[in-house]
Amino acid sequence: MERDTYPAVSAVAAARRDPAIDLVRFTCLLVVVACHCMMVSSVLHKDGTVTTENVLMDQGWFVPVAWALMIVPLFFVLGGVTGLQSWRRLKARGGTGFDFAQLRLLRLVRPAMALLAFMWGGLWVALLLGVDPQVIQLMTAGAAMPLWFLAAYLTAQLSVPLMARFHQRAPILTFAALVVLIVTVDSLRGTLPVLAFSNLVFVWCAVQQLGFLMADGFFEQRSRTWLVGAVVSSNLLLGLVTGVAVYPGNMVVNINPPNLCLLLLGISQAASLQLLKNVIGWLAGVRWIQSMIAVAGRRSMTVYLWHLPLLVGMSGLLLLTNVPKPLAGTAEWWWARIPVFLAVVSLLVPVVWLFGRLENRPTAASHARGPSRIAVVTAAVVVFIPVADAAFNGLTLALLGGGAACFALSVLLLGRVPTPVLPPSPDVNVLKRQEGQSPTLPEPGLSANLEP
């Protein structure tokens, strides 16, 4: 499919924000929080050791259910839709790929920096107050899951300008090339296990390309029969490759490092999203849902980053109390998941109120176009160093502090904080140029406000 297959998307059209996408993203976030509440169970053994049990992974019925609950691919599909729209909007207003990378880094790194810094300081205080080091390590591990997702999502988002260029020229060929790379890596992972981690790029970029196709109307132009066929065939193929033991049947096992199964789920979820678009659009138009999304939807990264550390921290602190703790997997334990979920949501409210503003959209500074390309590249490298260390060696309290420092350095390198700078009217800049003066502000839109 060549470049002329899809009509050119104007900056105005790309700027329109679909409330249905915000609703789906928010719903997926609630599913993630609920699933983690059903997974994490801290256990204090008689010998004094502390461990965590993943209760859901031990349930036989969870394997087929995980096909429906594994909504991580859908996050990347939605990220592809909004990422492509944001890039086209920025590019139409004179922005570059480095401007896009700067804005994406700031939008995602600032909330993570606050989490790591707060956890590092709080856990050191707890350690000095005499809390058992095992409990400290238990709570430290609570930041590991959000960090790997942040790294994968950020990698995919930083690739948007490059992948958008390939997509514009040959969308289907680009997607097919990524599929070939995914299958090649999966075929060689037995011989070269380290090679499997390259699919952190290939798989999530391929799923993100599905979002590109959705943004350009590819799924919208397909018939309902085609969409149903895509859902059925992708799930049948998923059942085939897991049934013959080419891949594990448990989708949680398949997620890190990701493999072809996650792409098949992404295809099914993208087609399902298009099938349900009218229903979702109607729900997104309900007034009280709109109000809820307007408040919580713009703080989704803060909710995602903080919910698991809060859950693990709450579980660890409960081990220090005499509160009755039902045995994991019993009926009492399952009923207790309801108050646990409500408690995590309650803890998230003040956290979002305090730290959610770090997700505010970066705004053009009044004194410069932005940091140099070297600064942007260095900031990206600085972010990925502690994340890679945590992925291969595990997250420790020392690495938590080092990660916070690296993220803070990245923010300083990027050199922008939210600033309420209003763009000048075009007439003012034209007048100044005619008088031989330089405009006091950059051209509006060089680093425009962007939604994720």
# chains A, B, ... in the order shown; residues from 1 in each chain; ligands from 1
$ residues_around --residues "Leu305 (chain A)" --least-positions-apart "6" --cutoff "8 Å" --atoms "only C-alpha atoms" --output "mmCIF file with N, CA, C and O atoms, in the first residue's frame"
data_model
loop_
_atom_site.group_PDB
_atom_site.id
_atom_site.type_symbol
_atom_site.label_atom_id
_atom_site.label_comp_id
_atom_site.auth_asym_id
_atom_site.auth_seq_id
_atom_site.Cartn_x
_atom_site.Cartn_y
_atom_site.Cartn_z
ATOM 1 N N PRO A 111 7.132 12.689 35.780
ATOM 2 C CA PRO A 111 6.388 11.937 36.803
ATOM 3 C C PRO A 111 7.210 10.787 37.384
ATOM 4 O O PRO A 111 7.128 10.510 38.585
ATOM 5 N N ALA A 112 8.000 10.105 36.535
ATOM 6 C CA ALA A 112 8.815 8.995 37.026
ATOM 7 C C ALA A 112 9.909 9.485 37.966
ATOM 8 O O ALA A 112 10.240 8.820 38.959
ATOM 9 N N LEU A 115 8.442 9.900 41.394
ATOM 10 C CA LEU A 115 8.210 8.609 42.046
ATOM 11 C C LEU A 115 9.499 8.046 42.621
ATOM 12 O O LEU A 115 9.552 7.647 43.796
ATOM 13 N N ALA A 143 8.573 -0.605 42.261
ATOM 14 C CA ALA A 143 8.786 0.359 41.178
ATOM 15 C C ALA A 143 9.297 -0.300 39.907
ATOM 16 O O ALA A 143 9.378 0.346 38.867
ATOM 17 N N PRO A 146 6.461 -0.572 36.814
ATOM 18 C CA PRO A 146 6.215 0.672 36.082
ATOM 19 C C PRO A 146 7.399 1.125 35.256
ATOM 20 O O PRO A 146 7.234 1.697 34.176
ATOM 21 N N LEU A 147 8.629 0.853 35.720
ATOM 22 C CA LEU A 147 9.807 1.309 34.993
ATOM 23 C C LEU A 147 9.977 0.584 33.664
ATOM 24 O O LEU A 147 10.330 1.192 32.659
#
$ residues_around --residues "Arg357 (chain A)" --least-positions-apart "2" --cutoff "10 Å" --atoms "only C-alpha atoms" --output "PyMOL selection string"
chain A and resi 110-111+298-299+302+352-355+359-361+418
$ closest_residue --among "A:Met163, A:Val377, A:Val63, A:Ala196" --to "Asn259 (chain A)" --atoms "only C-alpha atoms"
A:Ala196
$ closest_residue --among "A:Met301, A:Leu400, A:Leu210, A:Val383" --to "Thr155 (chain A)" --atoms "only C-alpha atoms"
A:Val383
$ atom_distance --atom1 "CA of Ala405 (chain A)" --atom2 "CA of Trp148 (chain A)"
17.6 Å
$ residues_around --residues "region 31-45 of chain A" --least-positions-apart "3" --cutoff "10 Å" --atoms "only C-alpha atoms" --output "NGL selection string"
:A and (25-28 or 48-58 or 66 or 69-72 or 135 or 138 or 142 or 303-304 or 307-308 or 311-320 or 325 or 327-329 or 333-334 or 336-342 or 344-345)
$ write_last_selection --atoms "C-alpha atoms" --output "PDB file, in the first residue's frame"
ATOM      1  CA  ARG A  25      -7.203   4.355  28.031  1.00  0.00           C
ATOM      2  CA  PHE A  26      -8.774   5.173  31.400  1.00  0.00           C
ATOM      3  CA  THR A  27     -10.715   1.880  31.437  1.00  0.00           C
ATOM      4  CA  CYS A  28      -7.553  -0.065  30.640  1.00  0.00           C
ATOM      5  CA  GLY A  48      11.009 -14.102  59.425  1.00  0.00           C
ATOM      6  CA  THR A  49      11.533 -13.977  55.669  1.00  0.00           C
ATOM      7  CA  VAL A  50       9.201 -11.904  53.509  1.00  0.00           C
ATOM      8  CA  THR A  51       8.120 -12.925  50.010  1.00  0.00           C
ATOM      9  CA  THR A  52       5.470 -11.938  47.519  1.00  0.00           C
ATOM     10  CA  GLU A  53       3.166 -14.386  45.800  1.00  0.00           C
ATOM     11  CA  ASN A  54       1.494 -13.836  42.455  1.00  0.00           C
ATOM     12  CA  VAL A  55      -1.847 -15.447  43.216  1.00  0.00           C
ATOM     13  CA  LEU A  56      -3.381 -15.036  39.767  1.00  0.00           C
ATOM     14  CA  MET A  57      -0.475 -16.814  38.088  1.00  0.00           C
ATOM     15  CA  ASP A  58      -1.190 -19.891  40.217  1.00  0.00           C
ATOM     16  CA  ALA A  66      -5.346 -13.361  30.563  1.00  0.00           C
ATOM     17  CA  LEU A  69      -7.103  -8.958  30.544  1.00  0.00           C
ATOM     18  CA  MET A  70      -3.728  -8.462  28.817  1.00  0.00           C
ATOM     19  CA  ILE A  71      -4.518  -4.979  27.558  1.00  0.00           C
ATOM     20  CA  VAL A  72      -0.908  -3.701  27.379  1.00  0.00           C
ATOM     21  CA  VAL A 135      10.387  -5.291  53.731  1.00  0.00           C
ATOM     22  CA  LEU A 138       9.851  -5.742  48.900  1.00  0.00           C
ATOM     23  CA  GLY A 142       7.236  -2.159  43.554  1.00  0.00           C
ATOM     24  CA  VAL A 303      -1.770   6.751  38.255  1.00  0.00           C
ATOM     25  CA  TYR A 304       0.118   4.022  36.416  1.00  0.00           C
ATOM     26  CA  HIS A 307      -0.395   2.431  41.862  1.00  0.00           C
ATOM     27  CA  LEU A 308       1.882  -0.608  42.153  1.00  0.00           C
ATOM     28  CA  LEU A 311      -0.025  -1.395  46.615  1.00  0.00           C
ATOM     29  CA  VAL A 312       3.263  -3.105  47.487  1.00  0.00           C
ATOM     30  CA  GLY A 313       4.060  -0.500  50.129  1.00  0.00           C
ATOM     31  CA  MET A 314       0.646  -0.914  51.742  1.00  0.00           C
ATOM     32  CA  SER A 315       1.068  -4.700  51.715  1.00  0.00           C
ATOM     33  CA  GLY A 316       4.513  -4.426  53.265  1.00  0.00           C
ATOM     34  CA  LEU A 317       3.357  -2.086  56.022  1.00  0.00           C
ATOM     35  CA  LEU A 318       0.444  -4.386  56.834  1.00  0.00           C
ATOM     36  CA  LEU A 319       2.982  -7.113  57.611  1.00  0.00           C
ATOM     37  CA  LEU A 320       4.168  -4.939  60.505  1.00  0.00           C
ATOM     38  CA  LYS A 325      -4.226 -11.517  56.916  1.00  0.00           C
ATOM     39  CA  LEU A 327      -4.224 -16.970  53.394  1.00  0.00           C
ATOM     40  CA  ALA A 328      -3.553 -16.160  49.736  1.00  0.00           C
ATOM     41  CA  GLY A 329      -6.009 -17.828  47.377  1.00  0.00           C
ATOM     42  CA  TRP A 333      -8.443 -13.393  50.476  1.00  0.00           C
ATOM     43  CA  TRP A 334     -10.445 -12.914  47.266  1.00  0.00           C
ATOM     44  CA  ALA A 336     -10.438  -8.815  50.639  1.00  0.00           C
ATOM     45  CA  ARG A 337      -9.390  -7.672  47.135  1.00  0.00           C
ATOM     46  CA  ILE A 338     -12.346  -5.270  47.082  1.00  0.00           C
ATOM     47  CA  PRO A 339     -11.198  -3.159  50.067  1.00  0.00           C
ATOM     48  CA  VAL A 340      -7.604  -3.440  48.835  1.00  0.00           C
ATOM     49  CA  PHE A 341      -8.605  -1.962  45.469  1.00  0.00           C
ATOM     50  CA  LEU A 342     -10.570   0.824  47.166  1.00  0.00           C
ATOM     51  CA  VAL A 344      -5.215   1.853  46.554  1.00  0.00           C
ATOM     52  CA  VAL A 345      -7.615   4.202  44.752  1.00  0.00           C
TER      53      VAL A 345
END
$ residues_around --residues "Lys277 (chain A)" --least-positions-apart "4" --cutoff "10 Å" --atoms "only C-alpha atoms" --output "PyMOL selection string"
chain A and resi 20-21+24+220+271-273+281-283
$ decode --residues "region 192-212 of chain A" --atoms "N, CA, C and O atoms" --output "PDB file, in the first residue's frame"
ATOM      1  N   LEU A 192      20.150 -17.603  20.835  1.00  0.00           N
ATOM      2  CA  LEU A 192      20.715 -16.363  21.388  1.00  0.00           C
ATOM      3  C   LEU A 192      19.656 -15.717  22.291  1.00  0.00           C
ATOM      4  O   LEU A 192      18.913 -14.843  21.836  1.00  0.00           O
ATOM      5  N   PRO A 193      19.567 -16.116  23.552  1.00  0.00           N
ATOM      6  CA  PRO A 193      18.512 -15.591  24.436  1.00  0.00           C
ATOM      7  C   PRO A 193      18.526 -14.069  24.570  1.00  0.00           C
ATOM      8  O   PRO A 193      17.462 -13.456  24.681  1.00  0.00           O
ATOM      9  N   VAL A 194      19.712 -13.465  24.553  1.00  0.00           N
ATOM     10  CA  VAL A 194      19.791 -12.007  24.703  1.00  0.00           C
ATOM     11  C   VAL A 194      19.092 -11.303  23.544  1.00  0.00           C
ATOM     12  O   VAL A 194      18.534 -10.208  23.704  1.00  0.00           O
ATOM     13  N   LEU A 195      19.094 -11.937  22.383  1.00  0.00           N
ATOM     14  CA  LEU A 195      18.474 -11.334  21.202  1.00  0.00           C
ATOM     15  C   LEU A 195      16.987 -11.099  21.404  1.00  0.00           C
ATOM     16  O   LEU A 195      16.398 -10.214  20.770  1.00  0.00           O
ATOM     17  N   ALA A 196      16.364 -11.874  22.296  1.00  0.00           N
ATOM     18  CA  ALA A 196      14.924 -11.749  22.525  1.00  0.00           C
ATOM     19  C   ALA A 196      14.533 -10.348  22.979  1.00  0.00           C
ATOM     20  O   ALA A 196      13.418  -9.883  22.698  1.00  0.00           O
ATOM     21  N   PHE A 197      15.451  -9.646  23.661  1.00  0.00           N
ATOM     22  CA  PHE A 197      15.117  -8.320  24.180  1.00  0.00           C
ATOM     23  C   PHE A 197      15.020  -7.271  23.075  1.00  0.00           C
ATOM     24  O   PHE A 197      14.469  -6.198  23.306  1.00  0.00           O
ATOM     25  N   SER A 198      15.524  -7.582  21.880  1.00  0.00           N
ATOM     26  CA  SER A 198      15.343  -6.639  20.773  1.00  0.00           C
ATOM     27  C   SER A 198      13.882  -6.523  20.365  1.00  0.00           C
ATOM     28  O   SER A 198      13.479  -5.540  19.745  1.00  0.00           O
ATOM     29  N   ASN A 199      13.083  -7.518  20.736  1.00  0.00           N
ATOM     30  CA  ASN A 199      11.652  -7.433  20.447  1.00  0.00           C
ATOM     31  C   ASN A 199      10.934  -6.414  21.335  1.00  0.00           C
ATOM     32  O   ASN A 199       9.758  -6.114  21.093  1.00  0.00           O
ATOM     33  N   LEU A 200      11.620  -5.902  22.349  1.00  0.00           N
ATOM     34  CA  LEU A 200      11.062  -4.769  23.083  1.00  0.00           C
ATOM     35  C   LEU A 200      10.874  -3.576  22.151  1.00  0.00           C
ATOM     36  O   LEU A 200       9.981  -2.747  22.358  1.00  0.00           O
ATOM     37  N   VAL A 201      11.692  -3.514  21.102  1.00  0.00           N
ATOM     38  CA  VAL A 201      11.558  -2.472  20.090  1.00  0.00           C
ATOM     39  C   VAL A 201      10.618  -2.922  18.974  1.00  0.00           C
ATOM     40  O   VAL A 201       9.645  -2.245  18.644  1.00  0.00           O
ATOM     41  N   PHE A 202      10.886  -4.102  18.395  1.00  0.00           N
ATOM     42  CA  PHE A 202      10.140  -4.536  17.216  1.00  0.00           C
ATOM     43  C   PHE A 202       8.656  -4.793  17.517  1.00  0.00           C
ATOM     44  O   PHE A 202       7.778  -4.368  16.758  1.00  0.00           O
ATOM     45  N   VAL A 203       8.366  -5.485  18.623  1.00  0.00           N
ATOM     46  CA  VAL A 203       6.968  -5.812  18.930  1.00  0.00           C
ATOM     47  C   VAL A 203       6.160  -4.555  19.212  1.00  0.00           C
ATOM     48  O   VAL A 203       5.089  -4.333  18.633  1.00  0.00           O
ATOM     49  N   TRP A 204       6.687  -3.695  20.103  1.00  0.00           N
ATOM     50  CA  TRP A 204       5.878  -2.541  20.490  1.00  0.00           C
ATOM     51  C   TRP A 204       5.804  -1.499  19.382  1.00  0.00           C
ATOM     52  O   TRP A 204       4.799  -0.790  19.266  1.00  0.00           O
ATOM     53  N   CYS A 205       6.829  -1.419  18.546  1.00  0.00           N
ATOM     54  CA  CYS A 205       6.722  -0.523  17.388  1.00  0.00           C
ATOM     55  C   CYS A 205       5.703  -1.056  16.383  1.00  0.00           C
ATOM     56  O   CYS A 205       4.964  -0.282  15.758  1.00  0.00           O
ATOM     57  N   ALA A 206       5.635  -2.385  16.221  1.00  0.00           N
ATOM     58  CA  ALA A 206       4.641  -2.975  15.327  1.00  0.00           C
ATOM     59  C   ALA A 206       3.229  -2.733  15.839  1.00  0.00           C
ATOM     60  O   ALA A 206       2.324  -2.389  15.073  1.00  0.00           O
ATOM     61  N   VAL A 207       3.029  -2.914  17.145  1.00  0.00           N
ATOM     62  CA  VAL A 207       1.708  -2.651  17.722  1.00  0.00           C
ATOM     63  C   VAL A 207       1.370  -1.170  17.598  1.00  0.00           C
ATOM     64  O   VAL A 207       0.225  -0.797  17.317  1.00  0.00           O
ATOM     65  N   GLN A 208       2.363  -0.314  17.792  1.00  0.00           N
ATOM     66  CA  GLN A 208       2.150   1.121  17.622  1.00  0.00           C
ATOM     67  C   GLN A 208       1.756   1.453  16.182  1.00  0.00           C
ATOM     68  O   GLN A 208       0.945   2.363  15.945  1.00  0.00           O
ATOM     69  N   GLN A 209       2.322   0.720  15.207  1.00  0.00           N
ATOM     70  CA  GLN A 209       1.945   0.934  13.812  1.00  0.00           C
ATOM     71  C   GLN A 209       0.468   0.657  13.576  1.00  0.00           C
ATOM     72  O   GLN A 209      -0.162   1.256  12.700  1.00  0.00           O
ATOM     73  N   LEU A 210      -0.109  -0.271  14.346  1.00  0.00           N
ATOM     74  CA  LEU A 210      -1.551  -0.493  14.264  1.00  0.00           C
ATOM     75  C   LEU A 210      -2.303   0.783  14.626  1.00  0.00           C
ATOM     76  O   LEU A 210      -3.342   1.094  14.031  1.00  0.00           O
ATOM     77  N   GLY A 211      -1.773   1.515  15.598  1.00  0.00           N
ATOM     78  CA  GLY A 211      -2.356   2.810  15.949  1.00  0.00           C
ATOM     79  C   GLY A 211      -2.219   3.813  14.818  1.00  0.00           C
ATOM     80  O   GLY A 211      -3.124   4.613  14.568  1.00  0.00           O
ATOM     81  N   PHE A 212      -1.088   3.769  14.114  1.00  0.00           N
ATOM     82  CA  PHE A 212      -0.917   4.632  12.939  1.00  0.00           C
ATOM     83  C   PHE A 212      -1.991   4.342  11.901  1.00  0.00           C
ATOM     84  O   PHE A 212      -2.603   5.254  11.330  1.00  0.00           O
TER      85      PHE A 212
END
